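S.K.: If it helps, the file is called query.cif and holds mmCIF, C-alpha atoms:
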data_work
loop_
_atom_site.label_atom_id
_atom_site.label_comp_id
_atom_site.auth_asym_id
_atom_site.auth_seq_id
_atom_site.Cartn_x
_atom_site.Cartn_y
_atom_site.Cartn_z
CA ASN I 1 -99.53 -107.05 123.66
CA ASP I 2 -97.98 -110.51 123.60
CA LEU I 3 -94.35 -111.39 124.56
CA ARG I 4 -93.03 -110.28 121.20
CA GLY I 5 -94.59 -106.82 121.60
CA GLU I 6 -97.14 -107.34 118.85
CA PRO I 7 -100.74 -106.32 119.48
CA ARG I 8 -102.92 -109.16 120.63
CA TYR I 9 -106.45 -109.29 119.29
CA ILE I 10 -109.14 -110.35 121.73
CA SER I 11 -112.31 -112.01 120.49
CA HIS I 12 -115.66 -111.15 121.97
CA HIS I 13 -115.75 -114.55 123.70
CA GLN I 14 -112.79 -113.52 125.88
CA LEU I 15 -114.39 -110.29 127.10
CA SER I 16 -116.21 -110.03 130.39
CA LYS I 17 -119.91 -109.23 130.37
CA PRO I 18 -119.56 -105.51 131.31
CA GLU I 19 -116.86 -105.02 128.70
CA LEU I 20 -118.95 -106.83 126.12
CA LEU I 21 -121.91 -104.61 126.93
CA ARG I 22 -119.77 -101.51 126.58
CA LYS I 23 -118.46 -102.80 123.28
CA THR I 24 -121.88 -103.57 121.87
CA MET I 25 -123.73 -100.57 123.25
CA GLY I 26 -121.16 -98.05 122.11
CA ARG I 27 -121.88 -94.43 122.87
CA ARG I 28 -125.66 -94.59 122.72
CA ARG I 29 -127.36 -91.92 124.80
CA ARG I 30 -130.95 -91.33 125.66
CA ARG I 31 -132.13 -87.75 125.84
CA MET I 32 -134.62 -86.99 128.53
CA SER I 33 -136.81 -83.97 129.14
CA GLU I 34 -136.75 -81.93 132.33
CA ASP I 35 -139.86 -83.66 133.67
CA ASP I 36 -138.31 -87.10 133.17
CA GLU I 37 -135.12 -85.97 134.89
CA ASP I 38 -137.11 -84.56 137.80
CA ASP I 39 -139.11 -87.79 138.13
CA ASP I 40 -135.88 -89.80 138.05
CA ALA I 41 -134.42 -87.59 140.78
CA VAL I 42 -137.51 -88.11 142.93
CA ARG I 43 -137.33 -91.87 142.37
CA ARG I 44 -133.64 -91.87 143.31
CA TYR I 45 -134.37 -90.00 146.50
CA GLU I 46 -137.17 -92.41 147.34
CA LEU I 47 -134.92 -95.41 146.72
CA GLU I 48 -132.19 -93.90 148.91
CA TYR I 49 -134.77 -93.21 151.58
CA MET I 50 -136.04 -96.82 151.49
CA LYS I 51 -132.48 -98.19 151.58
CA LYS I 52 -131.66 -96.06 154.62
CA ARG I 53 -134.79 -97.26 156.38
CA ARG I 54 -133.94 -100.87 155.59
CA ARG I 55 -130.38 -100.49 156.85
CA GLN I 56 -131.58 -98.78 160.01
CA SER I 57 -134.11 -101.52 160.73
CA GLU I 58 -131.49 -104.24 160.19
CA GLN I 59 -128.95 -102.48 162.37
CA SER I 60 -131.53 -101.90 165.13
CA LYS I 61 -132.47 -105.60 165.04
CA ASN I 62 -128.80 -106.59 165.25
CA SER I 63 -128.20 -104.26 168.18
CA GLU I 64 -131.24 -105.62 170.01
CA ARG I 65 -130.07 -109.19 169.38
CA GLU I 66 -126.61 -108.38 170.75
CA GLN I 67 -128.11 -106.76 173.85
CA GLU I 68 -130.29 -109.84 174.47
CA ASN I 69 -127.31 -112.15 174.11
CA THR I 70 -125.26 -110.01 176.48
CA SER I 71 -127.97 -109.77 179.14
CA GLY I 72 -129.00 -113.45 178.86
CA GLY I 73 -125.41 -114.88 179.17
CA LYS I 74 -124.03 -116.59 182.41
CA PRO I 75 -122.01 -114.41 184.79
CA SER I 76 -118.32 -115.31 185.33
CA ALA I 77 -116.94 -116.86 188.52
CA ALA I 78 -115.48 -113.59 189.71
CA GLY I 79 -118.98 -112.30 190.55
CA PRO I 80 -121.37 -109.90 189.18
CA SER I 81 -119.03 -106.96 189.55
CA ASN I 82 -116.31 -108.76 187.63
CA ALA I 83 -118.88 -109.86 185.09
CA LEU I 84 -119.79 -106.29 184.55
CA SER I 85 -116.16 -105.25 184.41
CA THR I 86 -115.22 -108.12 182.10
CA SER I 87 -118.08 -107.49 179.65
CA PRO I 88 -116.76 -107.16 176.15
CA ALA I 89 -115.86 -103.58 175.31
CA PRO I 90 -117.40 -102.08 172.26
CA ALA I 91 -115.26 -102.39 169.21
CA ALA I 92 -113.73 -99.41 167.55
CA GLY I 93 -116.36 -97.43 165.75
CA THR I 94 -119.27 -99.18 167.55
CA GLY I 95 -120.01 -96.15 169.64
CA ASP I 96 -120.23 -94.01 166.55
CA CYS I 97 -122.61 -96.49 164.96
CA ASN I 98 -124.80 -96.53 168.07
CA ALA I 99 -124.75 -92.78 168.14
CA HIS I 100 -125.70 -92.83 164.51
CA HIS I 101 -128.45 -95.42 165.04
CA SER I 102 -129.74 -93.64 168.10
CA SER I 103 -131.43 -90.99 165.93
CA PRO I 104 -133.15 -92.76 163.00
CA LYS I 105 -136.04 -90.33 163.21
CA ARG I 106 -133.76 -87.41 162.43
CA VAL I 107 -132.42 -89.19 159.34
CA ASP I 108 -135.95 -90.02 158.20
CA ASP I 109 -137.03 -86.42 158.68
CA GLU I 110 -134.09 -85.13 156.66
CA ALA I 111 -134.81 -87.55 153.80
CA ALA I 112 -138.50 -86.66 153.86
CA LYS I 113 -137.68 -82.95 153.86
CA LYS I 114 -135.31 -83.47 150.96
CA LEU I 115 -138.00 -85.28 148.99
CA GLU I 116 -140.55 -82.61 149.81
CA ARG I 117 -138.17 -79.85 148.70
CA GLN I 118 -137.56 -81.63 145.41
CA ARG I 119 -141.29 -82.11 144.84
CA GLN I 120 -141.92 -78.45 145.67
CA LYS I 121 -139.29 -77.42 143.12
CA ASN I 122 -140.93 -79.64 140.51
CA ARG I 123 -144.34 -78.15 141.25
CA GLU I 124 -143.00 -74.60 141.03
CA ARG I 125 -141.23 -75.38 137.75
CA LYS I 126 -144.38 -76.87 136.24
CA HIS I 127 -146.42 -73.90 137.47
CA ARG I 128 -143.97 -71.45 135.87
CA ARG I 129 -144.03 -73.44 132.64
CA LYS I 130 -147.84 -73.40 132.62
CA GLU I 131 -147.93 -69.65 133.26
CA LYS I 132 -145.43 -69.10 130.47
CA LYS I 133 -147.55 -71.13 128.03
CA ALA I 134 -150.68 -69.23 129.06
CA MET I 135 -148.94 -65.89 128.52
CA ALA I 136 -147.66 -67.02 125.11
CA ALA I 137 -151.18 -68.13 124.09
CA GLU I 138 -152.64 -64.81 125.26
CA ALA I 139 -150.01 -62.85 123.35
CA LYS I 140 -150.68 -64.94 120.23
CA LYS I 141 -154.40 -64.29 120.56
CA GLU I 142 -153.82 -60.55 120.93
CA ARG I 143 -151.55 -60.52 117.86
CA ALA I 144 -154.19 -62.40 115.86
CA GLY I 145 -156.86 -59.92 116.98
CA ARG I 146 -154.70 -56.93 116.02
CA ALA I 147 -153.90 -58.50 112.64
CA LYS I 148 -157.61 -59.12 112.03
CA GLU I 149 -158.50 -55.53 112.93
CA GLU I 150 -155.75 -54.18 110.68
CA ALA I 151 -156.91 -56.38 107.78
CA GLU I 152 -160.50 -55.23 108.29
CA ALA I 153 -159.38 -51.58 108.34
CA VAL I 154 -157.44 -52.11 105.11
CA ARG I 155 -160.45 -53.73 103.43
CA LYS I 156 -162.73 -50.92 104.61
CA ARG I 157 -160.32 -48.28 103.32
CA LYS I 158 -160.11 -50.07 99.95
CA ARG I 159 -163.91 -50.22 99.71
CA GLU I 160 -164.17 -46.51 100.47
CA GLU I 161 -161.49 -45.66 97.91
CA GLU I 162 -163.22 -47.85 95.31
CA ALA I 163 -166.57 -46.20 96.02
CA GLU I 164 -164.99 -42.76 95.73
CA ARG I 165 -163.29 -43.64 92.43
CA ARG I 166 -166.53 -45.10 91.12
CA SER I 167 -168.52 -42.02 92.10
CA ARG I 168 -165.96 -39.77 90.37
CA ARG I 169 -166.02 -42.02 87.32
CA GLU I 170 -169.81 -42.25 87.17
CA GLY I 171 -170.37 -38.58 87.84
CA GLY I 172 -169.02 -36.59 90.70
CA GLY I 173 -171.37 -34.58 92.88
CA LEU I 174 -174.35 -36.90 92.34
CA ASP I 175 -176.21 -38.57 95.16
CA TRP I 176 -175.98 -42.25 94.28
CA LYS I 177 -178.37 -44.74 95.87
CA THR I 178 -178.26 -48.51 95.83
CA CYS I 179 -181.33 -50.70 95.34
CA ARG I 180 -181.98 -54.42 95.14
CA LEU I 181 -179.60 -56.67 93.17
CA GLY I 182 -176.91 -53.96 93.33
CA VAL I 183 -178.71 -51.52 91.02
CA ARG I 184 -177.54 -47.91 91.55
CA PHE I 185 -179.10 -44.68 90.38
CA ALA I 186 -178.61 -40.93 90.72
CA ASP I 187 -181.04 -38.19 89.65
CA VAL I 188 -179.39 -35.61 87.41
CA VAL I 189 -182.64 -33.68 86.94
CA GLU I 190 -185.64 -34.21 89.17
CA GLY I 191 -188.90 -34.04 87.24
CA ARG I 192 -191.94 -32.06 88.34
CA GLY I 193 -194.60 -34.27 86.79
CA PRO I 194 -196.36 -37.32 88.19
CA LYS I 195 -194.49 -40.34 89.47
CA VAL I 196 -194.30 -43.57 87.56
CA GLN I 197 -196.76 -46.20 88.69
CA ASP I 198 -196.32 -49.94 88.83
CA ARG I 199 -197.97 -51.89 85.99
CA LYS I 200 -198.48 -48.66 84.02
CA ARG I 201 -197.02 -47.82 80.62
CA VAL I 202 -194.20 -45.30 80.48
CA HIS I 203 -192.36 -43.58 77.63
CA VAL I 204 -188.64 -42.94 78.02
CA LYS I 205 -185.62 -41.75 76.12
CA TYR I 206 -182.38 -43.56 76.93
CA VAL I 207 -178.76 -43.98 75.98
CA LEU I 208 -176.75 -47.10 76.88
CA ARG I 209 -172.98 -46.69 77.24
CA ALA I 210 -170.12 -49.11 77.94
CA LYS I 211 -168.56 -46.62 80.37
CA PRO I 212 -169.95 -43.75 82.44
CA ARG I 213 -170.97 -40.50 80.67
CA THR I 214 -168.43 -40.53 77.82
CA GLY I 215 -168.20 -44.23 77.00
CA LYS I 216 -169.04 -45.93 73.74
CA ILE I 217 -172.76 -45.82 72.93
CA LEU I 218 -174.11 -49.36 72.65
CA ASP I 219 -177.82 -48.62 72.24
CA SER I 220 -180.19 -45.65 72.28
CA SER I 221 -183.79 -44.68 71.64
CA SER I 222 -185.67 -41.39 71.57
CA ASP I 223 -189.05 -42.94 72.43
CA PHE I 224 -189.28 -46.32 74.04
CA SER I 225 -192.41 -47.53 75.85
CA PHE I 226 -193.02 -50.44 78.20
CA ARG I 227 -195.09 -51.35 81.26
CA LEU I 228 -193.12 -50.98 84.48
CA GLY I 229 -192.89 -54.06 86.67
CA LYS I 230 -194.29 -56.50 84.10
CA GLY I 231 -190.94 -58.00 83.10
CA GLU I 232 -190.96 -56.49 79.63
CA VAL I 233 -187.47 -55.03 80.18
CA ILE I 234 -184.46 -56.05 82.23
CA ARG I 235 -184.92 -56.16 85.99
CA GLY I 236 -182.49 -53.26 86.46
CA TRP I 237 -185.02 -50.95 84.81
CA ASP I 238 -187.99 -52.28 86.77
CA ILE I 239 -186.01 -51.65 89.97
CA GLY I 240 -184.11 -48.47 89.09
CA LEU I 241 -186.95 -46.38 87.65
CA ILE I 242 -189.22 -46.64 90.68
CA GLY I 243 -189.96 -43.18 92.17
CA MET I 244 -188.94 -41.26 89.04
CA ARG I 245 -191.07 -38.24 88.01
CA GLN I 246 -192.05 -37.14 84.53
CA GLY I 247 -189.44 -34.85 82.99
CA GLY I 248 -186.65 -36.18 85.15
CA VAL I 249 -183.26 -37.47 84.01
CA ARG I 250 -181.64 -40.36 85.84
CA HIS I 251 -178.30 -42.14 85.54
CA LEU I 252 -178.73 -45.86 86.05
CA VAL I 253 -175.98 -48.45 86.63
CA VAL I 254 -177.16 -52.04 86.13
CA PRO I 255 -174.90 -54.94 87.24
CA PRO I 256 -174.92 -58.18 85.24
CA GLY I 257 -177.15 -59.90 87.83
CA ALA I 258 -179.93 -57.42 87.05
CA GLY I 259 -179.11 -57.06 83.35
CA TYR I 260 -178.02 -59.54 80.71
CA GLY I 261 -175.87 -61.78 82.92
CA SER I 262 -172.69 -63.04 81.28
CA LYS I 263 -173.95 -62.17 77.80
CA ASN I 264 -171.74 -59.74 75.89
CA ILE I 265 -173.73 -56.94 74.27
CA GLY I 266 -170.68 -54.81 73.46
CA ALA I 267 -169.38 -53.82 76.90
CA GLY I 268 -167.74 -57.16 77.64
CA SER I 269 -168.93 -60.37 79.25
CA GLY I 270 -170.46 -59.69 82.67
CA ALA I 271 -169.85 -55.92 82.55
CA ASP I 272 -171.91 -53.19 84.20
CA LEU I 273 -174.32 -51.24 81.97
CA PHE I 274 -174.58 -47.43 82.21
CA PHE I 275 -177.92 -45.90 81.20
CA GLU I 276 -179.03 -42.29 80.95
CA VAL I 277 -182.85 -42.35 81.10
CA THR I 278 -185.21 -39.41 80.55
CA LEU I 279 -188.85 -39.98 81.51
CA LEU I 280 -191.06 -38.50 78.81
CA SER I 281 -194.51 -39.51 80.06
CA CYS I 282 -196.13 -41.93 82.45
#
Turn this file's structure into structure tokens for me.

M.R.:
Amino acid sequence: NDLRGEPRYISHHQLSKPELLRKTMGRRRRRMSEDDEDDDAVRRYELEYMKKRRRQSEQSKNSEREQENTSGGKPSAAGPSNALSTSPAPAAGTGDCNAHHSSPKRVDDEAAKKLERQRQKNRERKHRRKEKKAMAAEAKKERAGRAKEEAEAVRKRKREEEAERRSRREGGGLDWKTCRLGVRFADVVEGRGPKVQDRKRVHVKYVLRAKPRTGKILDSSSDFSFRLGKGEVIRGWDIGLIGMRQGGVRHLVVPPGAGYGSKNIGAGSGADLFFEVTLLSC
């Protein structure tokens, strides 16, 4: 405040350099990680160690210079005994300094031990951190493995349930077999006549349904003939009728890949076709 008690405003030109720095820098802070703090601590210890060594070397040089000056000076007229008696007494605190400077090795050892302890702590901390990361990665891997196994078990259970529902829907108690291109068949009645032969003409009776057993009838014939394996019918028939005997009745499920593809023949686009085929002669 000035003489009148009013506040006096100071421009930045009137501030000293430290005050100006504090004004301009404000309350800015730099956050550092533990490793940076540890490295800074080690650097501080090293700097302190080097400063102590420098001070000790300077003080030892000064003490040696003083001893040379004292020993090289002229003795007084009173004689050597008086010269010894009249030698300047050590100033107050000089003895403590000499005692302190008499053991520089001990100070160096303490500083080195301190640095080594700090480095050992840093190494142990880094080792613990590395072990912790390894354990976390192992636990994550185990969790991922368990999750994968659980998902696979769920998918397997769903497939089994779907197969069971499909077998019940298509006709429970039948022994369904799967052939190429996903064609499935089950023999309702096994014939006692000869087996069908490839490239030979066969006569069959069939019913095509949109759903198993009781679905809507899309097509039927009481006597239909073709040569097996010549491509005269859909591939589902050429695959699914192999091994059938004369007089037998077989349920045949043909997927769209072995039937009419995405063409809609009454059961929907890309739907499975359910046939009931009776082999009349071969």

S.K.: Name the closest residue to Lys230 (chain I) among the candidates I:Gly257, I:Glu276, I:Val202, I:Arg245; distances are taken between atoms, counting all atoms listed in the file.

M.R.: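 Looking only at the distances to Lys230 (chain I), the closest residue turns out to be I:Val202.
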
S.K.: Might you spell out which residues the PyMOL selection byres ((chain I and resi 180-190) around 6) would select in the displayed file, as a PDB file with C-alpha atoms, in the coordinates of the input?

M.R.:
ATOM      1  CA  ASP I 175    -176.210 -38.570  95.160  1.00  0.00           C
ATOM      2  CA  TRP I 176    -175.980 -42.250  94.280  1.00  0.00           C
ATOM      3  CA  LYS I 177    -178.370 -44.740  95.870  1.00  0.00           C
ATOM      4  CA  THR I 178    -178.260 -48.510  95.830  1.00  0.00           C
ATOM      5  CA  CYS I 179    -181.330 -50.700  95.340  1.00  0.00           C
ATOM      6  CA  GLY I 191    -188.900 -34.040  87.240  1.00  0.00           C
ATOM      7  CA  GLY I 248    -186.650 -36.180  85.150  1.00  0.00           C
ATOM      8  CA  VAL I 249    -183.260 -37.470  84.010  1.00  0.00           C
ATOM      9  CA  ARG I 250    -181.640 -40.360  85.840  1.00  0.00           C
ATOM     10  CA  HIS I 251    -178.300 -42.140  85.540  1.00  0.00           C
ATOM     11  CA  LEU I 252    -178.730 -45.860  86.050  1.00  0.00           C
ATOM     12  CA  VAL I 253    -175.980 -48.450  86.630  1.00  0.00           C
ATOM     13  CA  VAL I 254    -177.160 -52.040  86.130  1.00  0.00           C
TER      14      VAL I 254
END

S.K.: Which is closest to Ser220 (chain I) among I:Arg44, I:Ile242, I:Phe275, I:Arg106, if we use all atoms listed in the file?

M.R.: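 Of the candidates, the smallest distance to Ser220 (chain I) is held by I:Phe275.
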
S.K.: Extract, using all atoms listed in the file, all DNA, RNA and protein residues at most 8 Å from Ser281 (chain I), discarding same-chain residues fewer than 2 positions from it, and format them as a list in words.

M.R.: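 Counting all atoms listed in the file, the residues come to Val202, His203, Val204, Gln246, Gly247 and Leu279 of chain I.
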
S.K.: Determine, counting only C-alpha atoms, which protein, DNA and RNA residues have an atom within 10 Å of an atom of Gln197 (chain I); residues of the same chain fewer than 2 positions away are not included. Present the result as a ChimeraX atom specification.

M.R.: /I:194-195,199-202,227-229,241-245,282

S.K.: How many Å separate CA of Arg166 (chain I) from CA of Lys148 (chain I)?

M.R.: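 CA of Arg166 (chain I) sits 26.7 Å away from CA of Lys148 (chain I).
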
S.K.: What is the CA of Gly215 (chain I)-CA of Ala271 (chain I) distance in Å, reported with one decimal?

M.R.: 13.0 Å

S.K.: So what do you get for CA of Ala112 (chain I) versus CA of Glu46 (chain I), distance-wise?

M.R.: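 These atoms are spaced 8.8 Å apart.
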
S.K.: For each of I:Ala210, I:Val154, I:Ala136, I:Val196, take the minimum atom-to-atom distance to Asp272 (chain I), counting all atoms listed in the file, then give the residue where this is smallest.

M.R.: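 Of the candidates, the smallest distance to Asp272 (chain I) is held by I:Ala210.
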
S.K.: Tell me which protein, DNA and RNA residues are within 9 Å of Ala111 (chain I), counting all atoms listed in the file, leaving out same-chain ones fewer than 3 positions away, and put them as a list in words.

M.R.: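 My reading of the contact set: Tyr45, Glu46, Glu48, Tyr49, Arg106, Val107, Asp108, Lys114, Leu115 and Glu116 of chain I.
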
S.K.: So, with all atoms listed in the file as the atoms that count, which of I:Asn69, I:Ser269, I:Ser262, I:Thr278 lies closest to Ser221 (chain I)?

M.R.: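 When distances to Ser221 (chain I) are compared using all atoms listed in the file, the smallest one comes from I:Thr278.
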